[in-house]
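Enquirer: The structure file data_28.cif (mmCIF, C-alpha atoms and all ligand atoms) is provided below.
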data_model
#
loop_
_atom_site.label_atom_id
_atom_site.label_comp_id
_atom_site.auth_asym_id
_atom_site.auth_seq_id
_atom_site.Cartn_x
_atom_site.Cartn_y
_atom_site.Cartn_z
CA MET K 1 118.38 78.46 130.54
CA ALA K 2 119.85 79.38 133.87
CA SER K 3 117.48 78.51 136.64
CA HIS K 4 116.58 79.34 140.14
CA ILE K 5 113.60 77.14 140.48
CA TYR K 6 112.26 78.67 143.68
CA GLU K 7 111.90 82.08 142.02
CA CYS K 8 110.14 80.55 139.04
CA ILE K 9 107.65 78.66 141.20
CA GLU K 10 107.22 81.77 143.35
CA LYS K 11 106.25 83.75 140.24
CA ILE K 12 103.69 81.11 139.27
CA GLY K 13 102.30 80.96 142.79
CA GLN K 14 102.11 84.73 143.13
CA SER K 15 100.21 85.02 139.86
CA ILE K 16 97.74 82.30 140.91
CA ILE K 17 97.27 83.96 144.30
CA ASP K 18 96.81 87.42 142.71
CA ASN K 19 94.24 85.97 140.28
CA ARG K 20 92.38 83.82 142.74
CA GLY K 21 89.20 85.91 142.44
CA PHE K 22 89.28 85.81 138.63
CA LEU K 23 89.77 82.00 138.58
CA THR K 24 87.03 81.47 141.11
CA GLU K 25 84.61 83.63 139.09
CA LEU K 26 85.30 81.55 135.97
CA ASP K 27 84.58 78.42 138.00
CA ARG K 28 81.39 79.98 139.40
CA GLU K 29 80.01 80.07 135.84
CA ILE K 30 80.56 76.42 134.95
CA GLY K 31 81.67 74.70 138.15
CA ASP K 32 81.52 75.14 141.89
CA ALA K 33 83.38 78.43 142.35
CA ASP K 34 86.43 76.95 144.03
CA HIS K 35 89.21 76.84 141.43
CA GLY K 36 90.93 80.06 142.53
CA ILE K 37 90.46 79.22 146.18
CA ASN K 38 91.84 75.68 145.68
CA MET K 39 94.83 76.82 143.65
CA ALA K 40 95.71 79.80 145.85
CA ARG K 41 95.60 77.62 148.96
CA GLY K 42 97.85 75.05 147.27
CA PHE K 43 100.42 77.55 146.05
CA GLY K 44 100.38 79.41 149.37
CA GLU K 45 101.41 76.15 150.97
CA VAL K 46 103.97 75.40 148.24
CA LEU K 47 105.67 78.76 148.82
CA ALA K 48 105.63 78.21 152.57
CA GLN K 49 107.15 74.72 152.31
CA LEU K 50 109.59 74.98 149.39
CA PRO K 51 113.16 75.72 150.51
CA ALA K 52 114.13 79.03 148.87
CA ASP K 53 117.78 78.00 148.46
CA ASN K 54 116.99 74.77 146.61
CA GLU K 55 118.60 74.56 143.16
CA ASP K 56 117.55 71.04 142.20
CA ILE K 57 114.66 71.48 139.75
CA GLY K 58 113.52 67.87 140.07
CA ALA K 59 113.41 68.05 143.88
CA ALA K 60 111.52 71.36 143.82
CA LEU K 61 108.96 70.06 141.32
CA LYS K 62 108.51 66.88 143.34
CA LYS K 63 107.85 68.87 146.49
CA THR K 64 105.48 71.19 144.60
CA GLY K 65 103.57 68.25 143.15
CA MET K 66 103.21 66.57 146.52
CA VAL K 67 101.95 69.74 148.17
CA LEU K 68 99.49 70.43 145.33
CA LEU K 69 98.23 66.84 145.54
CA SER K 70 97.63 67.10 149.26
CA LYS K 71 96.40 70.70 149.55
CA VAL K 72 94.51 71.73 146.40
CA GLY K 73 91.77 69.13 146.35
CA GLY K 74 89.08 69.08 143.66
CA ALA K 75 89.96 67.89 140.19
CA SER K 76 92.80 70.30 139.64
CA GLY K 77 94.92 69.27 142.67
CA PRO K 78 95.58 65.71 141.48
CA LEU K 79 95.95 66.89 137.87
CA TYR K 80 98.47 69.68 138.50
CA GLY K 81 100.10 67.61 141.24
CA THR K 82 100.66 64.66 138.92
CA ALA K 83 101.87 67.01 136.18
CA CYS K 84 104.54 68.34 138.56
CA LEU K 85 105.55 64.86 139.71
CA GLU K 86 105.98 63.68 136.11
CA ALA K 87 107.95 66.84 135.27
CA ALA K 88 110.07 66.22 138.39
CA LYS K 89 111.13 62.82 137.04
CA VAL K 90 112.54 64.28 133.81
CA CYS K 91 114.27 67.09 135.74
CA ALA K 92 115.82 64.91 138.46
CA GLY K 93 119.16 66.33 139.58
CA ARG K 94 119.07 69.22 137.11
CA THR K 95 119.89 72.79 138.11
CA ALA K 96 119.28 74.30 134.68
CA LEU K 97 117.22 73.46 131.62
CA THR K 98 117.83 74.09 127.94
CA ALA K 99 115.12 75.20 125.52
CA GLU K 100 115.18 71.63 124.18
CA ASP K 101 114.54 70.27 127.70
CA GLY K 102 111.38 72.36 127.80
CA LYS K 103 109.88 70.02 125.19
CA THR K 104 110.54 67.01 127.42
CA VAL K 105 109.02 68.79 130.40
CA PHE K 106 105.90 69.63 128.40
CA ALA K 107 105.54 66.00 127.28
CA ALA K 108 105.81 64.84 130.91
CA VAL K 109 103.26 67.42 132.10
CA ILE K 110 100.74 66.41 129.44
CA ALA K 111 101.29 62.69 130.10
CA GLY K 112 100.74 63.27 133.82
CA ILE K 113 97.49 65.17 133.30
CA GLN K 114 96.22 62.58 130.85
CA LYS K 115 97.23 59.67 133.08
CA ARG K 116 95.08 61.10 135.86
CA GLY K 117 92.22 62.73 133.98
CA LYS K 118 91.91 60.73 130.74
CA ALA K 119 91.01 63.87 128.80
CA VAL K 120 92.08 64.69 125.26
CA ARG K 121 92.25 67.99 123.46
CA GLY K 122 88.88 69.61 122.81
CA GLU K 123 87.12 68.61 126.04
CA LYS K 124 87.29 72.10 127.57
CA THR K 125 90.02 71.52 130.12
CA MET K 126 93.47 72.82 131.01
CA LEU K 127 94.81 70.60 128.20
CA ASP K 128 93.26 72.96 125.64
CA ALA K 129 95.75 75.60 126.78
CA ILE K 130 98.69 73.28 127.51
CA ILE K 131 98.73 71.05 124.40
CA PRO K 132 98.67 73.89 121.81
CA ALA K 133 101.23 75.77 123.92
CA SER K 134 103.55 72.76 123.91
CA GLU K 135 103.19 72.37 120.15
CA ALA K 136 103.89 76.05 119.48
CA TYR K 137 106.85 75.96 121.86
CA ALA K 138 108.30 72.83 120.24
CA ALA K 139 107.86 74.25 116.75
CA ALA K 140 109.69 77.44 117.73
CA VAL K 141 112.52 75.49 119.39
CA ASP K 142 112.83 73.22 116.34
CA ALA K 143 112.95 76.28 114.07
CA GLY K 144 115.94 77.53 116.09
CA ALA K 145 114.14 80.56 117.53
CA PRO K 146 115.67 82.31 120.56
CA VAL K 147 114.21 81.19 123.86
CA ASP K 148 112.26 84.43 124.40
CA ALA K 149 110.49 83.91 121.08
CA CYS K 150 109.77 80.27 121.94
CA LEU K 151 108.14 81.38 125.17
CA ASP K 152 106.17 84.09 123.37
CA ALA K 153 104.87 81.47 120.92
CA MET K 154 103.99 79.23 123.86
CA CYS K 155 102.03 81.95 125.67
CA GLU K 156 100.28 83.11 122.51
CA ALA K 157 99.06 79.58 121.78
CA ALA K 158 98.06 79.05 125.42
CA LYS K 159 96.02 82.27 125.31
CA GLU K 160 94.30 81.25 122.09
CA GLY K 161 93.64 77.80 123.56
CA ALA K 162 92.16 79.27 126.74
CA GLU K 163 89.91 81.56 124.65
CA TYR K 164 88.90 78.60 122.47
CA THR K 165 87.57 76.74 125.52
CA ALA K 166 84.73 79.29 125.67
CA SER K 167 83.48 78.11 122.29
CA ILE K 168 83.21 74.40 123.12
CA ARG K 169 81.17 72.09 125.31
CA ALA K 170 82.74 70.47 128.38
CA THR K 171 82.90 66.69 128.28
CA LYS K 172 85.18 66.18 131.31
CA GLY K 173 85.01 67.36 134.90
CA ARG K 174 82.26 69.17 136.75
CA ALA K 175 81.51 71.53 133.83
CA SER K 176 80.42 68.54 131.74
CA TYR K 177 77.28 68.28 133.92
CA LEU K 178 76.12 71.47 132.19
CA GLY K 179 76.31 70.00 128.70
CA ASP K 180 75.65 72.67 126.08
CA ARG K 181 75.18 75.28 128.79
CA SER K 182 78.94 75.17 129.36
CA ILE K 183 79.39 76.81 125.95
CA GLY K 184 80.18 80.53 126.17
CA HIS K 185 82.28 80.22 129.34
CA LYS K 186 86.03 79.96 129.52
CA ASP K 187 87.47 76.95 131.34
CA PRO K 188 89.05 77.91 134.68
CA GLY K 189 91.81 75.29 134.45
CA ALA K 190 92.82 76.55 131.01
CA ALA K 191 92.98 80.06 132.52
CA SER K 192 95.19 78.93 135.43
CA SER K 193 97.47 77.05 133.03
CA LEU K 194 97.85 80.20 130.94
CA LEU K 195 98.77 82.18 134.07
CA ALA K 196 101.40 79.56 134.96
CA MET K 197 102.94 79.70 131.49
CA GLU K 198 102.97 83.50 131.45
CA ALA K 199 104.69 83.44 134.85
CA ILE K 200 107.35 81.04 133.53
CA ARG K 201 107.95 83.35 130.57
CA SER K 202 108.25 86.37 132.79
CA TYR K 203 110.68 84.48 135.07
CA VAL K 204 112.91 83.42 132.15
CA LYS K 205 112.83 86.91 130.64
CA GLY K 206 113.68 88.37 134.04
CA ALA K 207 110.61 90.57 133.83
N1 LIG G 1 89.67 65.03 133.32
C1 LIG G 1 90.25 66.21 133.30
N2 LIG G 1 91.39 66.41 132.59
C2 LIG G 1 92.01 67.60 132.55
N3 LIG G 1 91.56 68.69 133.22
C3 LIG G 1 90.44 68.56 133.94
C4 LIG G 1 89.72 67.33 134.01
N4 LIG G 1 88.65 67.55 134.83
C5 LIG G 1 88.68 68.83 135.24
N5 LIG G 1 89.77 69.44 134.71
C6 LIG G 1 90.21 70.79 134.94
O1 LIG G 1 90.01 71.13 136.31
C7 LIG G 1 89.41 72.41 136.37
C8 LIG G 1 88.51 72.52 137.61
O2 LIG G 1 89.33 72.50 138.75
P1 LIG G 1 88.72 72.73 140.20
O3 LIG G 1 89.86 73.01 141.13
O4 LIG G 1 87.63 73.73 140.17
O5 LIG G 1 88.15 71.30 140.56
P2 LIG G 1 86.60 70.85 140.58
O6 LIG G 1 86.14 70.62 139.18
O7 LIG G 1 85.83 71.81 141.39
O8 LIG G 1 86.73 69.45 141.31
P3 LIG G 1 85.62 68.64 142.11
O9 LIG G 1 84.48 68.51 141.16
O10 LIG G 1 86.33 67.36 142.41
O11 LIG G 1 85.32 69.51 143.31
C9 LIG G 1 88.63 72.56 135.09
O12 LIG G 1 88.49 73.91 134.73
C10 LIG G 1 89.47 71.76 134.08
O13 LIG G 1 90.42 72.58 133.41
MG MG G 2 85.69 73.80 140.88
#
Just dump the structure as structure tokens.
Ligand SMILES: Nc1ncnc2c1ncn2[C@@H]1O[C@H](COP(=O)(O)OP(=O)(O)OP(=O)(O)O)[C@@H](O)[C@H]1O
Ligand SMILES: [Mg+2]
Expert:
Amino acid sequence: MASHIYECIEKIGQSIIDNRGFLTELDREIGDADHGINMARGFGEVLAQLPADNEDIGAALKKTGMVLLSKVGGASGPLYGTACLEAAKVCAGRTALTAEDGKTVFAAVIAGIQKRGKAVRGEKTMLDAIIPASEAYAAAVDAGAPVDACLDAMCEAAKEGAEYTASIRATKGRASYLGDRSIGHKDPGAASSLLAMEAIRSYVKGA
């Protein structure tokens, strides 16, 4: 996959910023109505600070992770920030990634989120979008599918995973304070993860 990492991160950031109201509304239902605000502030700062001519994927992800850690706050800042820092390590010095590399990046992202947040699948968090997406992506890569199809499989699974969060009870994060009352509401972090994955797909497809 050819890469211009700034444009990819810009697409993610723009989607988060455009959807800030939607993400905040989801968080109003089961949290404290700040997820969109937190994430939009963080990505606004990332886009302001990231050098547009940078080609080193590892360096760009490291910078992104550090800015998210320092500017997003809440639970999601450290989680997404650590995810980016772990992804940065496996992309150090790289200016392009193969479809196969995407599997390694996913593993690093998931490890980073779990290192920080100690959640597993099924606790109504961003992981319920990211883990199924990584599995669907890896299965498509292993089956030799073209990269566009791998990314479609990833986004489809992420969407299903984000929808699935509405059917389960939160056992991690602020939403867990609601117990059974969290059922029926989609998890905001799963929704922002889906947006990020859709933005990556649209960047790779040039759409
Ligand atoms: N332990 C965890 N592991 C993975 N994801 C988590 C965890 N805790 C929360 N999340 C994710 O973070 C999202 C909430 O992010 P948000 O920016 O609103 O932080 P917050 O919950 O308001 O943080 P705080 O309670 O510290 O203010 C949730 O929707 C969920 O996806
Ligand atoms: Mg919140």
Enquirer: Could you please determine the separation between CA of Gly144 (chain K) and CA of Val204 (chain K) in Å, to one decimal place?
Expert: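 It comes out at 17.4 Å.
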Enquirer: Return the single residue from K:Val72, K:Cys155, K:Met66, K:Ala87 that is closest to ligand MG 2 (chain G), with distances computed using all atoms listed in the file.
Expert: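 Closest residue, counting all atoms listed in the file: K:Val72.
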Enquirer: One number please: atom C4 of ligand LIG 1 (chain G) to CA of Ser76 (chain K), in Å, one decimal.
Expert: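 Going from atom C4 of ligand LIG 1 (chain G) over to CA of Ser76 (chain K) covers 7.1 Å.
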Enquirer: Using only C-alpha atoms, which residue out of K:Met197, K:Ala48, K:Ala88, K:Ala191 lies closest to Glu25 (chain K)?
Expert: K:Ala191
Enquirer: Show me which residues sit within 8 Å of ligand LIG 1 (chain G) when counting only C-alpha atoms and all ligand atoms, and put them as a compact mmCIF listing (two decimals) with C-alpha atoms, keeping the file's coordinate frame.
Expert:
# COMPACT_ATOMS: atom_id res chain seq x y z
CA THR K 24 87.03 81.47 141.11
CA ASP K 27 84.58 78.42 138.00
CA GLY K 31 81.67 74.70 138.15
CA ASP K 32 81.52 75.14 141.89
CA ALA K 33 83.38 78.43 142.35
CA ASP K 34 86.43 76.95 144.03
CA HIS K 35 89.21 76.84 141.43
CA GLY K 36 90.93 80.06 142.53
CA ASN K 38 91.84 75.68 145.68
CA MET K 39 94.83 76.82 143.65
CA VAL K 72 94.51 71.73 146.40
CA GLY K 73 91.77 69.13 146.35
CA GLY K 74 89.08 69.08 143.66
CA ALA K 75 89.96 67.89 140.19
CA SER K 76 92.80 70.30 139.64
CA GLY K 77 94.92 69.27 142.67
CA LEU K 79 95.95 66.89 137.87
CA ILE K 113 97.49 65.17 133.30
CA GLN K 114 96.22 62.58 130.85
CA ARG K 116 95.08 61.10 135.86
CA GLY K 117 92.22 62.73 133.98
CA LYS K 118 91.91 60.73 130.74
CA ALA K 119 91.01 63.87 128.80
CA VAL K 120 92.08 64.69 125.26
CA LYS K 124 87.29 72.10 127.57
CA THR K 125 90.02 71.52 130.12
CA MET K 126 93.47 72.82 131.01
CA LEU K 127 94.81 70.60 128.20
CA LYS K 172 85.18 66.18 131.31
CA GLY K 173 85.01 67.36 134.90
CA ARG K 174 82.26 69.17 136.75
CA ALA K 175 81.51 71.53 133.83
CA ASP K 187 87.47 76.95 131.34
CA PRO K 188 89.05 77.91 134.68
CA GLY K 189 91.81 75.29 134.45
CA ALA K 190 92.82 76.55 131.01
CA ALA K 191 92.98 80.06 132.52
Enquirer: Counting only C-alpha atoms and all ligand atoms, which residue out of K:Ile37, K:Ile17, K:Ala157, K:Leu85 sits closest to ligand MG 2 (chain G)?
Expert: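 The closest residue to ligand MG 2 (chain G) is K:Ile37.
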